[in-house]
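Just query_24.txt here, compact mmCIF, C-alpha atoms:
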```txt
# COMPACT_ATOMS: atom_id res chain seq x y z
CA MET A 84 -11.62 94.28 -258.23
CA ASN A 85 -9.65 93.87 -255.05
CA LYS A 86 -10.52 90.81 -252.99
CA ARG A 87 -10.49 92.58 -249.68
CA TYR A 88 -12.57 95.37 -251.14
CA LEU A 89 -15.21 92.84 -252.11
CA GLU A 90 -14.97 91.21 -248.70
CA GLY A 91 -15.54 94.59 -247.11
CA LEU A 92 -18.49 95.26 -249.35
CA LEU A 93 -19.96 91.85 -248.64
CA GLY A 94 -19.25 92.22 -244.94
CA GLY A 95 -21.04 95.54 -244.85
CA ALA A 96 -24.00 94.12 -246.72
CA VAL A 97 -24.28 91.05 -244.51
CA SER A 98 -23.89 93.03 -241.31
CA GLY A 99 -26.47 95.52 -242.49
CA PHE A 100 -28.86 92.74 -243.41
CA LEU A 101 -28.36 90.93 -240.13
CA TYR A 102 -28.70 94.13 -238.17
CA LYS A 103 -31.96 95.00 -239.83
CA SER A 104 -33.26 91.46 -239.59
CA SER A 105 -32.40 91.22 -235.92
CA ALA A 106 -34.02 94.59 -235.34
CA ASP A 107 -37.19 93.19 -236.88
CA LEU A 108 -36.97 90.10 -234.73
CA ILE A 109 -36.58 91.84 -231.43
CA GLU A 110 -39.23 94.45 -232.05
CA PRO A 111 -42.15 93.15 -229.94
CA SER A 112 -44.89 94.33 -232.23
CA ARG A 113 -43.40 92.47 -235.15
CA VAL A 114 -42.26 89.26 -233.60
CA GLY A 115 -45.59 87.54 -233.93
CA VAL A 116 -46.13 88.69 -237.44
CA TYR A 117 -42.67 87.74 -238.47
CA PHE A 118 -42.99 84.18 -237.33
CA ASP A 119 -46.65 83.61 -237.82
CA ASP A 120 -47.33 85.22 -241.13
CA CYS A 121 -44.12 86.16 -242.73
CA ALA A 122 -42.35 83.81 -245.02
CA LEU A 123 -40.21 84.98 -247.85
CA VAL A 124 -42.58 83.47 -250.39
CA LYS A 125 -45.59 85.45 -249.19
CA PRO A 126 -46.14 88.73 -251.01
CA LYS A 127 -46.99 90.57 -247.80
CA CYS A 128 -43.48 89.97 -246.57
CA LEU A 129 -41.74 91.38 -249.58
CA PRO A 130 -41.73 95.01 -248.42
CA ARG A 131 -39.88 93.96 -245.30
CA VAL A 132 -37.41 91.95 -247.34
CA HIS A 133 -36.90 94.92 -249.60
CA GLN A 134 -36.40 97.08 -246.58
CA SER A 135 -33.70 94.78 -245.30
CA ILE A 136 -31.98 94.67 -248.65
CA ALA A 137 -32.11 98.44 -248.93
CA TRP A 138 -30.72 98.70 -245.43
CA ALA A 139 -27.96 96.26 -246.32
CA LEU A 140 -27.03 98.21 -249.42
CA PHE A 141 -27.03 101.45 -247.48
CA THR A 142 -24.82 99.97 -244.78
CA ALA A 143 -22.46 98.47 -247.35
CA THR A 144 -22.17 101.78 -249.16
CA LEU A 145 -21.58 103.62 -245.91
CA PHE A 146 -18.99 101.05 -244.89
CA VAL A 147 -17.10 101.40 -248.13
CA LEU A 148 -17.24 105.17 -248.20
CA THR A 149 -16.10 105.62 -244.64
CA SER A 150 -13.38 103.02 -244.49
CA PRO A 151 -9.97 104.40 -245.54
CA VAL A 152 -8.49 100.95 -244.99
CA VAL A 153 -10.78 99.45 -247.59
CA LEU A 154 -10.17 102.35 -249.94
CA ALA A 155 -6.43 102.00 -249.62
CA ASP A 156 -6.45 98.23 -250.03
CA PRO A 157 -5.68 98.03 -253.75
CA TYR A 158 -2.64 100.13 -253.06
CA GLN A 159 -1.58 98.06 -250.06
CA ASP A 160 -1.99 94.98 -252.23
CA ALA A 161 0.41 96.51 -254.75
CA ILE A 162 2.89 97.11 -251.94
CA ASP A 163 2.43 93.56 -250.67
CA LYS A 164 3.30 92.21 -254.08
CA ALA A 165 6.25 94.49 -254.76
CA PHE A 166 7.66 94.74 -251.25
CA PRO A 167 6.63 91.75 -249.11
CA GLY A 168 6.65 92.53 -245.41
CA PHE A 169 6.17 96.25 -245.93
CA ARG A 170 3.02 98.25 -245.48
CA ILE A 171 1.91 101.77 -246.16
CA MET A 172 2.48 103.80 -243.04
CA SER A 173 -0.64 104.61 -241.07
CA PRO A 174 -1.73 108.13 -240.12
CA GLN A 175 -0.67 107.24 -236.59
CA ASP A 176 2.88 106.70 -237.81
CA ILE A 177 3.20 110.30 -238.93
CA LYS A 178 2.85 113.32 -236.72
CA LEU A 179 1.41 116.30 -238.54
CA TYR A 180 1.62 119.75 -237.03
CA LYS A 181 -1.52 121.56 -238.02
CA ASP A 182 -0.19 124.94 -236.94
CA GLU A 183 2.86 124.50 -239.14
CA MET A 184 0.88 123.67 -242.24
CA ASP A 185 -1.36 125.48 -244.65
CA ASN A 186 -4.97 124.64 -243.80
CA GLU A 187 -5.76 123.33 -247.26
CA VAL A 188 -2.66 121.14 -247.34
CA TYR A 189 -3.34 119.84 -243.86
CA ASN A 190 -6.90 118.88 -244.75
CA SER A 191 -5.78 117.16 -247.92
CA VAL A 192 -3.18 114.96 -246.24
CA LYS A 193 -4.39 114.44 -242.69
CA ASP A 194 -6.27 111.21 -243.43
CA HIS A 195 -3.49 109.57 -245.42
CA PRO A 196 -0.20 111.41 -245.02
CA ALA A 197 1.80 108.42 -246.24
CA TRP A 198 -0.10 107.81 -249.41
CA ARG A 199 -1.07 110.01 -252.33
CA ARG A 200 -2.71 109.10 -255.59
CA GLY A 201 -1.84 110.84 -258.82
CA SER A 202 -4.34 112.26 -261.21
CA SER A 203 -6.23 109.89 -263.41
CA THR A 204 -4.82 110.42 -266.85
CA ARG A 205 -3.55 108.20 -269.62
CA THR A 206 -0.09 109.57 -269.18
CA ARG A 207 1.84 108.93 -266.03
CA SER A 208 0.95 111.35 -263.35
CA TRP A 209 4.45 112.24 -262.30
CA ILE A 210 5.81 112.85 -265.78
CA LEU A 211 7.94 115.80 -266.71
CA PRO A 212 8.84 115.05 -270.33
CA HIS A 213 11.33 117.80 -270.96
CA LEU A 214 12.81 118.93 -267.71
CA SER A 215 15.82 120.47 -269.35
CA GLU A 216 13.59 122.80 -271.30
CA GLY A 217 12.07 124.01 -268.11
CA LEU A 218 15.35 124.66 -266.41
CA LYS A 219 16.45 128.22 -266.27
CA LYS A 220 18.80 130.07 -264.05
CA ARG A 221 17.41 132.69 -261.83
CA MET B 278 -3.53 105.70 -261.75
CA ASP B 279 -0.15 106.21 -260.09
CA PHE B 280 0.50 106.64 -256.42
CA ALA B 281 3.30 107.50 -254.05
CA ALA B 282 3.58 106.05 -250.58
CA LEU B 283 5.74 105.84 -247.53
CA ILE B 284 6.11 102.23 -246.50
CA ARG B 285 7.80 100.55 -243.58
CA GLY B 286 8.69 97.07 -242.48
CA ALA B 287 7.14 95.36 -239.50
CA GLU B 288 10.36 94.56 -237.70
CA LYS B 289 11.44 97.07 -235.11
CA LYS B 290 15.18 97.67 -235.16
CA ILE B 291 17.52 99.63 -232.95
CA ASP B 292 19.91 102.26 -234.27
CA GLN B 293 23.38 103.05 -232.97
CA MET B 294 21.93 105.54 -230.50
CA GLY B 295 19.61 102.92 -229.09
CA ASN B 296 16.49 104.37 -230.69
CA PRO B 297 13.92 102.14 -232.35
CA TYR B 298 13.27 102.47 -236.06
CA TYR B 299 11.81 100.59 -239.00
CA ASP B 300 13.20 100.03 -242.45
CA GLY B 301 11.32 102.33 -244.76
CA TYR B 302 11.08 103.58 -248.31
CA LEU B 303 9.42 106.26 -250.31
CA VAL B 304 7.93 104.32 -253.21
CA ILE B 305 6.23 105.27 -256.42
CA CYS B 306 3.92 102.87 -258.17
CA TYR B 307 2.94 103.38 -261.78
CA GLY B 308 -0.49 102.20 -262.73
CA ALA B 309 -0.34 99.57 -265.47
CA ALA B 310 -2.81 99.04 -268.26
CA ASN B 311 -3.79 95.64 -266.86
CA GLY B 312 -4.79 97.18 -263.55
CA GLY B 313 -1.65 96.26 -261.68
CA PHE B 314 1.18 98.47 -260.53
CA ASP B 315 4.84 98.77 -261.34
CA CYS B 316 6.51 99.96 -258.14
CA ILE B 317 9.96 101.37 -257.52
CA THR B 318 11.70 102.60 -254.41
CA MET B 319 13.23 106.04 -254.37
CA SER B 320 16.35 104.72 -252.67
CA GLN B 321 18.26 101.55 -253.32
CA ARG B 322 18.53 100.76 -249.63
CA PRO B 323 15.97 101.24 -246.88
CA ARG B 324 16.10 104.32 -244.72
CA GLU B 325 15.70 104.38 -240.97
CA TYR B 326 12.16 105.51 -240.25
CA HIS B 327 11.74 106.62 -236.68
CA LEU B 328 8.22 107.03 -235.36
CA PRO B 329 6.45 109.35 -235.33
CA PHE B 330 7.81 109.93 -238.80
CA GLY B 331 8.54 113.53 -239.75
CA TRP B 332 7.62 113.41 -243.43
CA TYR B 333 4.50 113.06 -245.52
CA VAL B 334 3.80 112.71 -249.22
CA THR B 335 1.63 114.91 -251.32
CA LYS B 336 0.97 115.80 -254.91
CA VAL B 337 2.63 118.87 -256.35
CA SER B 338 0.68 120.33 -259.23
CA PRO B 339 2.38 121.43 -262.45
CA GLY B 340 4.04 124.79 -262.35
CA GLU B 341 7.21 126.52 -261.31
CA GLN B 342 9.32 125.26 -258.45
CA SER B 343 12.19 127.22 -257.03
CA CYS B 344 14.92 124.76 -256.17
CA ILE B 345 17.57 125.71 -253.68
CA VAL B 346 19.40 122.61 -254.84
CA LEU B 347 18.55 120.54 -257.88
CA LYS B 348 20.18 117.22 -258.68
CA GLN B 349 19.51 114.10 -260.64
CA LEU B 350 18.55 111.02 -258.69
CA ASP B 351 19.08 107.50 -259.96
CA THR B 352 16.81 105.72 -257.53
CA GLN B 353 18.38 102.31 -258.06
CA GLN B 354 22.01 103.37 -257.87
CA LYS B 355 23.85 101.49 -255.14
CA GLN B 356 26.62 103.95 -254.57
CA ARG B 357 26.88 107.62 -255.28
CA THR B 358 29.29 108.66 -257.98
CA LEU B 359 30.71 111.94 -259.13
CA ALA B 360 27.67 112.38 -261.30
CA ASP B 361 25.61 112.63 -258.15
CA GLN B 362 27.66 115.57 -257.04
CA LYS B 363 26.56 117.63 -260.02
CA ARG B 364 24.12 119.94 -258.42
CA GLN B 365 22.57 123.14 -259.54
CA ARG B 366 21.79 125.80 -257.03
CA ASN B 367 19.01 128.34 -257.05
CA VAL B 368 17.26 127.30 -260.21
CA THR B 369 13.65 127.37 -261.18
CA ILE B 370 12.09 124.41 -262.89
CA THR B 371 8.77 124.25 -264.62
CA THR B 372 7.03 120.95 -264.13
CA LYS B 373 4.71 119.79 -266.86
CA SER B 374 2.79 117.29 -264.82
CA ASP B 375 2.19 116.32 -261.20
CA ALA B 376 5.28 115.75 -259.10
CA VAL B 377 5.79 113.97 -255.80
CA GLY B 378 6.09 116.16 -252.75
CA TYR B 379 8.11 114.64 -249.92
CA PHE B 380 7.57 117.24 -247.27
CA ARG B 381 8.59 117.69 -243.66
CA THR B 382 5.82 117.79 -241.10
CA MET B 383 7.73 120.52 -239.32
CA GLY B 384 10.54 122.78 -240.41
CA ASN B 385 12.41 122.86 -243.66
CA GLY B 386 13.78 120.20 -245.99
CA ASP B 387 10.85 119.80 -248.38
CA ILE B 388 11.70 117.89 -251.54
CA VAL B 389 9.89 117.67 -254.84
CA TYR B 390 10.64 114.64 -257.00
CA VAL B 391 10.08 115.16 -260.70
CA PHE B 392 9.80 112.22 -263.04
CA GLN B 393 12.30 111.81 -265.86
CA GLU B 394 12.48 108.08 -266.45
CA ARG B 395 11.10 105.09 -264.60
CA THR B 396 13.86 105.08 -262.01
CA LEU B 397 15.35 108.48 -262.71
CA TYR B 398 14.09 111.60 -261.03
CA SER B 399 15.09 115.16 -260.50
CA GLU B 400 15.32 116.00 -256.83
CA CYS B 401 14.41 119.59 -256.07
CA LEU B 402 15.04 120.85 -252.56
CA VAL B 403 12.49 123.60 -252.16
CA SER B 404 13.32 124.65 -248.62
CA ASP B 405 16.25 124.22 -246.28
```

Transcribe the structure of this file into structure tokens.
Amino acid sequence: MNKRYLEGLLGGAVSGFLYKSSADLIEPSRVGVYFDDCALVKPKCLPRVHQSIAWALFTATLFVLTSPVVLADPYQDAIDKAFPGFRIMSPQDIKLYKDEMDNEVYNSVKDHPAWRRGSSTRTRSWILPHLSEGLKKR
Amino acid sequence: MDFAALIRGAEKKIDQMGNPYYDGYLVICYGAANGGFDCITMSQRPREYHLPFGWYVTKVSPGEQSCIVLKQLDTQQKQRTLADQKRQRNVTITTKSDAVGYFRTMGNGDIVYVFQERTLYSECLVSD
């Protein structure tokens, strides 16, 4: 799996965990309990630990799902290897004119107009095996 | 999993008219069995990509395409030869698999690239 993808996943998990933990710490009603009674080894603290872990997983998942940069990273990595110094153009690099485009097309390309993945098949996505057979004069 | 992308360099250059641009390519990367990619550029030399760029890439599903002009494109050919001049006009092609759409964000000039070999494509101008 892509290194930066994992870093993003880990980052999301850690930030989610820290966020939840800090929220626990600053909540007045819990501060005393947290420090006085709660240690990770005590069973009564486990629900809170589970809550933090669940929160971390949720945040990590959300982070991954909503980050086009992370999603596109394996592809940018391929570009980095094949064409050092080049990068996939960002949506800001390309000006789309919504009024000029079919709604469906616009919605399908607006988030990544410079990058498009082919269908997931065993054969190459862009294949046309017998073009000449398909050629015919009008 | 294959993908097509528009890529550009980081260095801003200035064209003869004094306008800034970046070196850019339309590239196609073929997914390899080991998880990597085998990437090619659709032109031997970089093109001048001015920003905001007026093209985007999309997937063109299998089916009929009406080509105003159809020609073969050797993506790694340094110089154009007479073979490049062989063009067919007003033909319909039937694509058997997904093709690469290299479309204008405004106006005409949409191109569909249809795979033939690794670095050989058919270039179908679908609007002008």

* Structure fact -> Using all atoms listed in the file, the residue out of A:Lys193, A:Arg200, A:Lys181, A:Lys164 with shortest distance to chain B is A:Arg200

* **Residue contacts of B:Gln354 (10 Å, all atoms listed in the file) excluding same-chain residues fewer than 5 positions away, as a PyMOL selection string** => chain B and resi 319-322+361+396-397

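Excluding B:Asp292 itself and same-chain residues fewer than 4 positions from it, the residues having an atom within 10 Å of it are B:Asn296, B:Pro297, B:Tyr298, B:Tyr299, B:Glu325, B:His327, counting only C-alpha atoms.
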
Counting only C-alpha atoms, which residues of chain B sit at most 7 Å from some atom of chain A, and what is each one's closest atom pair with its distance in Å to one decimal, listed by chain and rising residue number, as a tab-separated table?
```
residue	atom	partner	partner_atom	distance
B:Met278	CA	A:Ser203	CA	5.3
B:Asp279	CA	A:Gly201	CA	5.1
B:Phe280	CA	A:Arg200	CA	4.1
B:Ala281	CA	A:Arg199	CA	5.3
B:Ala282	CA	A:Trp198	CA	4.2
B:Leu283	CA	A:Ala197	CA	4.9
B:Ile284	CA	A:Ile171	CA	4.2
B:Arg285	CA	A:Phe169	CA	5.2
B:Gly286	CA	A:Phe169	CA	4.4
B:Ala287	CA	A:Phe169	CA	6.6
B:Phe314	CA	A:Ala161	CA	6.2
B:Cys316	CA	A:Ala165	CA	6.4
B:Leu328	CA	A:Asp176	CA	5.9
B:Pro329	CA	A:Ile177	CA	4.9
B:Phe330	CA	A:Ile177	CA	4.6
B:Gly331	CA	A:Ile177	CA	6.3
B:Tyr333	CA	A:Pro196	CA	5.0
B:Val334	CA	A:Ala197	CA	5.6
B:Thr335	CA	A:Arg199	CA	5.7
B:Lys336	CA	A:Arg199	CA	6.7
B:Asn367	CA	A:Arg221	CA	6.7
B:Val368	CA	A:Lys220	CA	5.0
B:Thr369	CA	A:Lys219	CA	5.9
B:Ile370	CA	A:Leu218	CA	4.8
B:Thr371	CA	A:Gly217	CA	4.8
B:Thr372	CA	A:Leu211	CA	5.8
B:Lys373	CA	A:Leu211	CA	5.1
B:Ser374	CA	A:Ile210	CA	5.5
B:Asp375	CA	A:Trp209	CA	4.8
B:Ala376	CA	A:Trp209	CA	4.8
B:Val377	CA	A:Trp209	CA	6.9
B:Thr382	CA	A:Leu179	CA	5.3
B:Met383	CA	A:Glu183	CA	6.3
B:Val391	CA	A:Leu211	CA	6.4
B:Phe392	CA	A:Ile210	CA	4.9
B:Gln393	CA	A:Leu211	CA	6.0
```

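The interatomic distance for the pair atom CA of B:Tyr307 and atom CA of B:Ser404 works out to 27.1 Å.
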
* Structure fact -> re atom CA of B:Lys289 and atom CA of B:Tyr379: distance 23.2 Å

* Asked: At what distance in Å, to one decimal, does atom CA of B:Pro323 lie from atom CA of B:Arg364?
  ->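 For atom CA of B:Arg364 relative to atom CA of B:Pro323, the distance reads 23.4 Å.
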
* If I put a ball of radius 7 Å at (7.1, 102.1, -258.0) in the file's coordinates, which residues poke into it when counting all atoms listed in the file, written as a PyMOL selection string? -> chain B and resi 304-307+315-318

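Closest to B:Asp405 among B:Cys344, B:Met294, B:Val337, B:Ala310 is B:Cys344, based on only C-alpha atoms.
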
Can you tell me which residues surround B:Leu350 at a distance of at most 7 Å, considering all atoms listed in the file, apart from same-chain residues fewer than 3 positions away, and format the answer as a PDB file with C-alpha atoms, keeping the file's coordinate frame?
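This is the output file out.pdb:
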```pdb
ATOM      1  CA  LEU B 397      15.350 108.480-262.710  1.00  0.00           C
ATOM      2  CA  TYR B 398      14.090 111.600-261.030  1.00  0.00           C
ATOM      3  CA  SER B 399      15.090 115.160-260.500  1.00  0.00           C
ATOM      4  CA  GLU B 400      15.320 116.000-256.830  1.00  0.00           C
TER       5      GLU B 400
END
```

* Asked: Smallest atom-to-atom distance to B:Arg324: which of B:Gln349, B:Tyr390, B:Lys290, B:Gly295, using all atoms listed in the file?
  ->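 Under the stated criterion, the closest residue is B:Lys290.
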